[in-house]
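S.K.: Below is the structure I would like to discuss, written out as structure tokens.
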Amino acid sequence: MDFQEQLRLGADHLSRKDPVMKALIGKHGLPTFRPHRNYYQALVESIISQQLSVKAAASILGRFVDLFNHFPTPADILARDFDKIKSVGLSRPKTNYIRDLAEHVKDGTVNFDHLDSLSNDEIIQHLTQVKGIGVWTVHMFLIFCMGRLDVLAVGDLGVRNALTSLYTEKYNFDHVVKDVEIQIISEQNLWHPYESMVCWYAWRSLENTPALSRMP
């Protein structure tokens, strides 16, 4: 089954089970993200874009690639002077994070070849070995790179704010929903196994496309 068909099945499931999602699906159509296998590049780009606007991240990424005249391999990064890499506009911590990822990939501690055979939790455990890659980053990676449809990104502030707004009428929230409350909403509205799609519709309800959706 191709990915588009999986999205159609997910939209049908959510529309049947949850009237809030049904309304968003009618408004926004099927999600536009597509899985790809540029895993290493995606993680480097995610580190660069952390806590930056789309415009600022794109500018720094452009200078980063120009520094190497191509998207650098781990060996390219480790061979280049630290301060030279930092000079493209990266903070010292982000430069360290990119180098740490490169070191993990080069020595085989992080191996992308077997990721598809791992569970979401195993992938989180595998990738968070790298400095600067936390659970939120891996959740975005699972959704926008790997196309995993069962990821509930409870740590994303946009998702939390959106779900608070979308479900306040039903649940009478007087605060931003907490992790455990999101889990309850998910279980009661039968989102599984399409939680990633719920997150995408939540973001769209805010008209706020997630930064990592830019990943190729």
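Residues in the structure tokens are named by chain (A, B, ... in the order shown) and by number from 1 within that chain; ligands are numbered from 1 in the order shown.
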Near Leu78 in chain A, counting only C-alpha atoms, which residues have an atom at most 8 Å away, once you skip same-chain residues fewer than 6 positions from it, shown as an mmCIF file with C-alpha atoms, in the first residue's frame?
M.R.:
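Listed below is the output, part-v2.cif:
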```
data_model
loop_
_atom_site.group_PDB
_atom_site.id
_atom_site.type_symbol
_atom_site.label_atom_id
_atom_site.label_comp_id
_atom_site.auth_asym_id
_atom_site.auth_seq_id
_atom_site.Cartn_x
_atom_site.Cartn_y
_atom_site.Cartn_z
ATOM 1 C CA ARG A 99 29.763 17.524 14.925
ATOM 2 C CA ALA A 102 28.729 13.387 12.424
ATOM 3 C CA GLU A 103 30.915 11.503 14.909
#
```
S.K.: I'd like the neighbourhood of Tyr194 in chain A as a list in words, where a residue qualifies if any of its atoms comes within 7 Å (using only C-alpha atoms), though same-chain residues fewer than 2 positions away should be ignored.
M.R.: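 Returned residues: Gly10, Leu149, Asp150, Trp191, His192, Ser196, Met197 and Val198 of chain A.
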S.K.: Let's see if you can do this: from backbone DSSP, list all alpha helix (DSSP H) residues in range 50-154 of chain A, as a PyMOL selection string.
M.R.: chain A and resi 54-68+74-79+82-86+92-106+120-127+135-144
S.K.: So which residues touch Gly158 in chain A within 8 Å, counting only C-alpha atoms, skipping near sequence neighbours fewer than 4 positions away, as a VMD selection string?
M.R.: chain A and resid 162 202 to 203 206 208
S.K.: Tell me which of A:Val159, A:Leu142, A:Ile184, A:Leu190 sits closest to Tyr39 in chain A, counting only C-alpha atoms.
M.R.: A:Leu142
S.K.: By how many Å are CA of Asp66 in chain A and CA of Leu52 in chain A apart?
M.R.: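 We find that CA of Asp66 in chain A and CA of Leu52 in chain A lie 19.5 Å from each other.
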S.K.: Using only C-alpha atoms, which of the listed residues (A:Leu90, A:Leu14, A:Val135, A:Leu152) sits closest to Glu122 in chain A?
M.R.: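 Nearest candidate to Glu122 in chain A out of A:Leu90, A:Leu14, A:Val135, A:Leu152: A:Val135.
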S.K.: To one decimal place in Å, what is the distance between CA of Arg160 in chain A and CA of Val177 in chain A?
M.R.: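 We find that CA of Arg160 in chain A and CA of Val177 in chain A lie 5.9 Å from each other.
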S.K.: Under the rule that only C-alpha atoms are counted, which of A:Tyr97, A:Met1, A:Val151, A:Ala11 is the nearest residue to His28 in chain A?
M.R.: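 For His28 in chain A, the nearest of the candidates is A:Ala11.
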S.K.: If we count only C-alpha atoms and set the cut-off at 10 Å, which residues sit around Phe82 in chain A, ignoring sequence neighbours fewer than 4 positions away in its own chain? Please answer as a count of residues only.
M.R.: 8
S.K.: Using only C-alpha atoms, which residues sit within 8 Å of range 40-50 of chain A once same-chain residues fewer than 6 positions away are excluded, as a list of chain:residue names?
M.R.: A:Ala57, A:Ala58, A:Ile60, A:Leu61, A:Phe71, A:Leu90, A:Lys94, A:Tyr97, A:Ile98, A:Leu101, A:Phe112, A:Gly132, A:Ile133, A:Thr137, A:Phe141, A:Cys145, A:Ala211, A:Leu212, A:Met215, A:Pro216
S.K.: Residues near Pro31 in chain A, anyone? I mean within 9 Å using only C-alpha atoms, not counting same-chain ones fewer than 4 positions away, as a list of chain:residue names.
M.R.: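 Once the adjacent positions are removed, what remains is A:Leu7, A:Ile25, A:Met197, A:Trp200, A:Tyr201.
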S.K.: Which of these residues is nearest to His114 in chain A, using only C-alpha atoms: A:His139, A:Phe33, A:Ile182, A:His126?
M.R.: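 With only C-alpha atoms as the atom set, the closest residue is A:His126.
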S.K.: Work out how far apart CA of Ala75 in chain A and CA of Asn38 in chain A are and give it in Å to one decimal.
M.R.: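 Distance reported for this atom pair: 16.6 Å.
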S.K.: Which one is closest to Asp2 in chain A: A:Gly29, A:Gly89, A:Gly62, A:Gly147? Count only C-alpha atoms.
M.R.: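 Closest to Asp2 in chain A, using only C-alpha atoms: A:Gly147.
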S.K.: Identify which of the residues A:Ser91, A:Gln129, A:Gln188, A:Gln51 lies closest to Lys170 in chain A, counting only C-alpha atoms when measuring atom-to-atom distances.
M.R.: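 The answer is A:Gln188, which sits nearest to Lys170 in chain A.
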S.K.: Which residues are near Thr164 in chain A? Cut-off 7 Å, only C-alpha atoms, ignore same chain within fewer than 3 positions. Put them as a PyMOL selection string.
M.R.: chain A and resi 160-161+167-168+173+176-177
S.K.: Save the residues we just selected, C-alpha atoms, as a PDB file, in the first residue's frame?
M.R.:
```pdb
ATOM      1  CA  ARG A 160      -0.815  21.278  22.832  1.00  0.00           C
ATOM      2  CA  ASN A 161      -2.196  24.739  22.146  1.00  0.00           C
ATOM      3  CA  TYR A 167     -11.322  20.208  22.488  1.00  0.00           C
ATOM      4  CA  THR A 168     -12.116  22.819  25.155  1.00  0.00           C
ATOM      5  CA  PHE A 173     -10.178  22.858  29.714  1.00  0.00           C
ATOM      6  CA  VAL A 176      -3.123  24.131  28.164  1.00  0.00           C
ATOM      7  CA  VAL A 177      -3.580  20.382  27.964  1.00  0.00           C
TER       8      VAL A 177
END
```
